[in-house]
Structure formats: C-alpha cells, structure tokens
Amino acid sequence: MNQEKHISTPLTDEAIKSLHAGDQVRITGVIYTARDAAHKKLAALLEAGRSLPFDPAGQIIYYTGPTPAPPGRPIGSCGPTTSYRMDKYTPALLAAGVKGLIGKGRRGPAVLDAIQTHTCVYFSAEGGCGALLANYVKTCEVVAFPDLGTEAVHRLTVENFPVSVFCDCEGNIYSPYL
Amino acid sequence: MSVRELEAGRLTDAVAKLYVQACLVLPEPVKAKLYAFGNPYIIENFEKNGIIPLCQDTGMAAVYLEIGQDVHLTGDIPAAVDEGVRRAVKEGYLRSSIVADPLRRTNTGDNTPALLNVELVPGDRVKVTVAPRGFGCENKGRIAMLAPADGVEGVKAFVLETAKLAVPDACPPVMIGVGLGGSFDRAPALAKKATLREEPNPDPFYAALEEELYQATKKFSIGVHIIAAPTHIAGLPCAVSIGCHSLRYASEVI
C-alpha cells in the first residue's frame with residue numbers, strides 16, 4: 001500500500017495535481033454533504049443563475065446521508081452513497097468551483113471529462129463502513145434544505161478522514177475491485 | 001386441532017428489537033466470511049461498533065413473517081409491523097429513507113412502510129425476520145427471462161455479468177443471490193432469500209454450480225447462493241440479487 005498523503009480543504013490545484021489514482025489520502029477540514037435530492041436543488045440554483053448556499057470554491061462534496069446523531073455524538077453513521085446517481089448534476093457543480101468529490105463506485109464519461117477539464121479529484125471512501133467513518137467527523141451542521149432530512153446539505157468538519165483516489169485530475173482510475 | 005391466539009402487538013415488539021439489532025450487529029456467519037475476506041476497514045467497522053448503525057443506509061425494512069397455520073393473529077398485522085419499524089427508527093437512531101411515492105418523492109419521515117412478506121408454514125409459532133437492505137446493492141439486482149436453450153451456460157453468463165456490473169458501486173465483498181425458475185415475479189424473491197441462506201446447498205448439482213461461480217467472483221464476493229424452483233416448459237427465469245458486505249438480518253421465533 002502507498003504511503004498516505006494528507007490534504008486539507010479548501011483544495012488547491014497544486015494539492016490536487018499531487019494526487020494520483022490509488023493514493024491513500026487523509027482529509028482534514030470542512031466538507032459538504034449532498035446526495036440525490038440536494039443535487040437536484042443545487043443544480044436548479046446554478047441553472048437559474050443563482051448562488052449556492054455555500055461558497056463552492058475549492059470545496060469537497062461528500063455523497064452521504066447520515067443516520068440521526070445519538071446523544072453525545074456529532075453525527076450518526078455516515079458512509080458514502082453510490083456516486084453515479086449524481087452524474088447528471090456533477091459537471092455543473094465542478095464548473096462552479098467544486099474541486100473534490102467523495103463517494104463510491106464508477107462515474108460516467110461526462111463526469112470523468114469534467115474532472116480533467118476543471119482539475120478536480122474524485123475520491124472513494126470505503127463503502128458500507130459508516131460507523132467507522134463517523135469517528136473522523138468532529139462537527140456537523142445543516143446549512144441548506146433542512147426539509148430534506150438526511151438529504152439536507154450538512155457542513156462537516158473532518159480530521160484525517162480516510163479516502164483513496166478513484167479518479168485523478170489526469171483521468172487515471174483505480175479501484176481494487178475493477 | 002387447537003389454534004394459538006397471538007396479539008399482533010407481539011410483532012411490533014419483535015420488529016422493533018430485531019430491526020435495531022440487525023442494523024448494529026452482523027450475524028456470526030457473515031462476520032466469519034468477512035474475516036476470511038480480510039478487508040481491515042470492514043472488520044474494524046463491525047468490530048468496534050454496536051452504538052450507531054454499521055451503515056448509514058438502514059434500508060427498507062424487509063420483514064419476513066413465517067406464520068404457523070395453527071396461529072391466529074389478532075389485530076392489524078401490517079399496522080403492527082409498521083409500528084415496530086417506527087419505534088426502531090426512533091429508538092435506534094436509524095435513517096428515514098423511504099419516500100411515499102416513487103416520482104413525487106416525499107419522505108415518510110419514519111421509514112415506513114415495511115416491505116412485508118408473509119409465508120404460511122406448519123405449526124403454531126411465528127418466525128419474524130428483519131433483513132434491512134440498503135439500495136446501493138439493491139439497485140444492482142437484475143432479472144433475465146432466459147430461454148430453456150440458454151441452459152446452465154446462459155445462467156452463468158448472466159450471473160457473472162450482473163456481479164461485475166455491481167462492483168465497486170455496491171459495497172464489496174458482495175453476497176450474490178440467484179433465483180432460478182418460478183416466474184417473472186417469483187425469481188427475484190428467491191434470489192433475495194438466497195442471500196440470507198446460512199446452510200450449504202443440499203443439492204450437490206447446485207452446490208457445485210455455486211462453488212464454480214464463487215471461484216469466478218471471489219475477488220469481490222463472499223459467496224454465491226442459488227435457490228431453484230419449478231418453472232414453465234417455455235422459461236428459465238434467472239434473477240440475481242446483490243447483498244452488500246453489511247449483510248444484515250435478525251430473527252426471533254414467537
């Protein structure tokens with residue numbers, strides 16, 4: 001296994017270019033959650049020429065819908081959901097300044113192209129390990145669409161959140177299962 | 001023949017307990033398969049837990065009732081089961097992932113209704129099984145209405161194609177359930193049931209086919225289970241159900 005790399009958010013092009021498909025990476029800083037329903041709303045805002053509920057510049061979007069936080073914890077279980085369902089909306093978000101994506105599984109050609117065009121990176125988190133991944137989340141607050149429940153946009157503060165690079169900014173892809 | 005009276009409220013208690021238990025603790029046979037597979041993240045996920053759900057997708061609550069034909073359940077059975085789901089979601093901090101309508105998509109807020117499956121069996125007991133399944137893997141299920149001439153080669157090709165399309169999206173290592181025969185609606189139900197089977201296949205023909213398919217998929221699977229059923233002279237229904245590594249289920253006999 002490669003040596004782990006550490007990065008912090010917001011992401012710079014320099015940091016993104018240092019990452020290669022298959023790298024094990026630890027992320028520290030703020031990341032934003034969004035999944036199916038939130039993506040539909042974010043894309044509608046962009047299409048209407050309006051601003052997003054958070055500044056997308058250099059930010060990472062994590063595809064997850066956490067379970068409710070039990071007492072004494074910032075968040076419940078929060079592993080990645082399958083990424084391809086967000087493909088329809090992703091190129092517009094990358095064009096708007098989002099630099100990183102965390103999810104699981106394959107992406108379509110339009111997303112892979114947009115990742116290269118805008119110098120972005122797509123990370124994979126370990127699927128089905130939401131209990132483990134919750135340990136790396138220090139704070140969690142809803143920043144948009146509270147009516148969506150688990151699908152609301154949450155701002156998470158993470159420390160050493162473990163991911164691997166599925167697709168780097170040059171379009172190289174790695175998964176141990178492919 | 002005497003009939004045993006049972007309050008449907010007993011189902012509520014069982015479902016509430018079993019749904020939370022299934023989301024927090026993996027069954028021992030599943031753990032054994034995951035230790036053998038050896039992914040350290042997955043092992044840590046189920047070893048150092050028991051407080052929050054193993055996976056954030058606490059699924060649709062598939063509830064299987066095997067009702068002895070000598071039992072009379074009093075009360076509203078689907079309502080009692082849904083109340084159990086509602087209580088589990090609140091007390092166990094499970095996720096509400098169900099929308100009331102597939103196109104209009106308003107979340108029901110309490111993860112109801114359950115996916116209720118009822119089977120009549122001999123005896124005067126009721127076996128309650130709750131098997132929550134997330135949709136990362138549920139979305140990867142497929143069915144092919146093969147022709148009899150496609151035979152075992154057609155089945156193998158379809159199972160392997162489906163399994164390869166499933167990963168890495170549906171959290172590997174996956175359990176591959178295959179339902180053969182029956183009809184267009186029966187085969188997928190058999191396939192899903194096959195993912196939950198704990199015993200070896202009693203039919204040596206299918207046991208050998210399972211082993212051959214497992215050898216071809218073991219880079220990303222923890223097993224291939226087949227359930228076969230009588231079918232029509234014109235058909236060979238073949239359904240494949242994918243279970244993720246969080247293969248969750250819990251049962252109780254009332």
# chains A, B, ... in the order shown; residues from 1 in each chain; ligands from 1
>>> closest_atom_pairs(of="chain B", to="chain A", cutoff="8 Å", atoms="only C-alpha atoms", output="tab-separated table")
residue	atom	partner	partner_atom	distance
B:Tyr41	CA	A:Cys129	CA	7.1
B:Ile42	CA	A:Cys129	CA	6.2
B:Glu44	CA	A:Leu132	CA	7.0
B:Asn45	CA	A:Leu132	CA	4.9
B:Phe46	CA	A:Ala131	CA	8.0
B:Lys48	CA	A:Leu132	CA	7.9
B:Asn49	CA	A:Ala131	CA	6.8
B:Ile52	CA	A:Ser77	CA	6.0
B:Pro53	CA	A:Ser77	CA	5.7
B:Leu54	CA	A:Ala131	CA	5.0
B:Cys55	CA	A:Gly130	CA	4.7
B:Gln56	CA	A:Ser77	CA	4.6
B:Asp57	CA	A:Thr67	CA	7.6
B:Tyr93	CA	A:Pro68	CA	5.4
B:Leu94	CA	A:Thr67	CA	5.6
B:Arg95	CA	A:Thr67	CA	4.7
B:Ser96	CA	A:Thr150	CA	7.5
B:Asn107	CA	A:Leu148	CA	8.0
B:Gly136	CA	A:Thr82	CA	6.0
B:Val167	CA	A:Tyr177	CA	6.7
B:Pro168	CA	A:Gly105	CA	5.0
B:Asp169	CA	A:Gly105	CA	3.9
B:Ala170	CA	A:Thr82	CA	7.4
B:Cys171	CA	A:Gly127	CA	4.9
B:Pro172	CA	A:Gly127	CA	7.6
B:Lys219	CA	A:Tyr177	CA	7.1
B:Phe220	CA	A:Tyr177	CA	6.3
B:Cys244	CA	A:Gly128	CA	7.6
B:His245	CA	A:Gly128	CA	7.2
B:Ser246	CA	A:Gly128	CA	6.4
>>> write_last_selection(atoms="C-alpha atoms", output="CSV table (one decimal), in the first residue's frame")
chain,number,residue,atom,x,y,z
B,41,TYR,CA,-11.7,-1.3,7.3
B,42,ILE,CA,-14.7,-3.6,7.1
B,44,GLU,CA,-13.0,-2.5,12.2
B,45,ASN,CA,-16.4,-1.2,11.1
B,46,PHE,CA,-18.3,-4.2,12.6
B,48,LYS,CA,-15.7,-1.6,17.1
B,49,ASN,CA,-19.3,-0.7,17.0
B,52,ILE,CA,-24.5,3.5,15.7
B,53,PRO,CA,-25.7,1.7,12.6
B,54,LEU,CA,-23.0,-0.2,10.7
B,55,CYS,CA,-24.1,1.6,7.5
B,56,GLN,CA,-25.9,4.9,7.2
B,57,ASP,CA,-28.3,3.2,4.8
B,93,TYR,CA,-31.5,6.4,15.5
B,94,LEU,CA,-32.0,4.7,12.2
B,95,ARG,CA,-32.3,6.6,8.9
B,96,SER,CA,-35.7,7.5,7.4
B,107,ASN,CA,-40.0,11.2,2.7
B,136,GLY,CA,-26.5,0.7,-3.1
B,167,VAL,CA,-18.9,-3.7,-8.1
B,168,PRO,CA,-17.4,-1.5,-6.9
B,169,ASP,CA,-20.7,0.5,-6.6
B,170,ALA,CA,-22.5,-2.0,-4.4
B,171,CYS,CA,-20.1,-2.2,-1.4
B,172,PRO,CA,-17.9,-5.3,-2.0
B,219,LYS,CA,-12.0,-11.2,-5.7
B,220,PHE,CA,-15.1,-9.2,-4.8
B,244,CYS,CA,-23.5,-5.8,0.3
B,245,HIS,CA,-21.0,-6.9,2.9
B,246,SER,CA,-23.2,-5.4,5.6
>>> residues_around(residues="Ile61 in chain A", least_positions_apart="2", cutoff="8 Å", atoms="only C-alpha atoms", output="PyMOL selection string")
chain A and resi 31-34+59+63+98+100-102
>>> write_last_selection(atoms="N, CA and C atoms", output="PDB file, in the first residue's frame")
ATOM      1  N   ILE A  31     -15.957  19.767   4.823  1.00  0.00           N
ATOM      2  CA  ILE A  31     -16.520  19.197   3.603  1.00  0.00           C
ATOM      3  C   ILE A  31     -18.039  19.339   3.676  1.00  0.00           C
ATOM      4  N   TYR A  32     -18.699  19.303   2.517  1.00  0.00           N
ATOM      5  CA  TYR A  32     -20.159  19.474   2.470  1.00  0.00           C
ATOM      6  C   TYR A  32     -20.823  18.194   1.983  1.00  0.00           C
ATOM      7  N   THR A  33     -21.914  17.811   2.636  1.00  0.00           N
ATOM      8  CA  THR A  33     -22.647  16.632   2.172  1.00  0.00           C
ATOM      9  C   THR A  33     -23.728  17.057   1.183  1.00  0.00           C
ATOM     10  N   ALA A  34     -23.959  16.204   0.207  1.00  0.00           N
ATOM     11  CA  ALA A  34     -25.111  16.375  -0.697  1.00  0.00           C
ATOM     12  C   ALA A  34     -25.310  15.050  -1.401  1.00  0.00           C
ATOM     13  N   GLN A  59     -14.065  23.524  -2.746  1.00  0.00           N
ATOM     14  CA  GLN A  59     -14.680  22.655  -1.739  1.00  0.00           C
ATOM     15  C   GLN A  59     -14.842  21.202  -2.199  1.00  0.00           C
ATOM     16  N   TYR A  63     -20.881  12.532  -0.861  1.00  0.00           N
ATOM     17  CA  TYR A  63     -22.193  11.926  -1.101  1.00  0.00           C
ATOM     18  C   TYR A  63     -22.552  11.031   0.081  1.00  0.00           C
ATOM     19  N   VAL A  98     -16.467  23.620  -7.400  1.00  0.00           N
ATOM     20  CA  VAL A  98     -16.223  22.467  -6.523  1.00  0.00           C
ATOM     21  C   VAL A  98     -15.012  21.706  -7.055  1.00  0.00           C
ATOM     22  N   GLY A 100     -13.493  18.753  -5.280  1.00  0.00           N
ATOM     23  CA  GLY A 100     -13.351  17.354  -4.873  1.00  0.00           C
ATOM     24  C   GLY A 100     -14.699  16.702  -4.655  1.00  0.00           C
ATOM     25  N   LEU A 101     -14.747  15.391  -4.882  1.00  0.00           N
ATOM     26  CA  LEU A 101     -15.965  14.604  -4.693  1.00  0.00           C
ATOM     27  C   LEU A 101     -15.580  13.369  -3.909  1.00  0.00           C
ATOM     28  N   ILE A 102     -16.452  12.976  -2.971  1.00  0.00           N
ATOM     29  CA  ILE A 102     -16.231  11.711  -2.256  1.00  0.00           C
ATOM     30  C   ILE A 102     -17.496  10.874  -2.382  1.00  0.00           C
TER      31      ILE A 102
END
>>> atom_distance(atom1="CA of Ile43 in chain B", atom2="CA of Gly92 in chain B")
21.9 Å
>>> residues_around(residues="range 15-27 of chain A", least_positions_apart="5", cutoff="10 Å", atoms="only C-alpha atoms", output="number ranges by chain")
A: 1-10, 60, 99-100, 119-125, 136, 157-176
>>> atom_distance(atom1="CA of Pro56 in chain A", atom2="CA of Gly97 in chain A")
5.3 Å
>>> residues_around(residues="Pro237 in chain B", least_positions_apart="6", cutoff="8 Å", atoms="only C-alpha atoms", output="list in words")
Ile143, Ala144, Met145, Leu146, Gly179, Leu180, Gly181, Gly182, Ser183, Phe184, Ala187 and Thr231 of chain B
>>> write_last_selection(atoms="C-alpha atoms", output="mmCIF file, in the first residue's frame")
data_model
loop_
_atom_site.group_PDB
_atom_site.id
_atom_site.type_symbol
_atom_site.label_atom_id
_atom_site.label_comp_id
_atom_site.auth_asym_id
_atom_site.auth_seq_id
_atom_site.Cartn_x
_atom_site.Cartn_y
_atom_site.Cartn_z
ATOM 1 C CA ILE B 143 -33.554 -10.375 -13.967
ATOM 2 C CA ALA B 144 -33.291 -12.191 -17.312
ATOM 3 C CA MET B 145 -36.120 -14.257 -18.746
ATOM 4 C CA LEU B 146 -33.747 -16.764 -20.346
ATOM 5 C CA GLY B 179 -33.201 -17.206 -8.026
ATOM 6 C CA LEU B 180 -33.787 -19.695 -10.820
ATOM 7 C CA GLY B 181 -37.153 -20.774 -12.145
ATOM 8 C CA GLY B 182 -40.575 -19.781 -10.877
ATOM 9 C CA SER B 183 -41.943 -16.811 -12.777
ATOM 10 C CA PHE B 184 -41.131 -13.174 -13.542
ATOM 11 C CA ALA B 187 -37.410 -15.472 -9.238
ATOM 12 C CA THR B 231 -40.902 -23.338 -13.700
#
>>> residues_around(residues="range 10-26 of chain B", least_positions_apart="2", cutoff="6 Å", atoms="only C-alpha atoms", output="number ranges by chain")
B: 7-8, 50, 53-54, 80-81, 83-85, 87-88, 92, 130, 248-250
>>> atom_distance(atom1="CA of Gly59 in chain B", atom2="CA of Arg86 in chain B")
13.1 Å
>>> residues_around(residues="Pro29 in chain B", least_positions_apart="3", cutoff="8 Å", atoms="only C-alpha atoms", output="PyMOL selection string")
chain B and resi 32-33+198
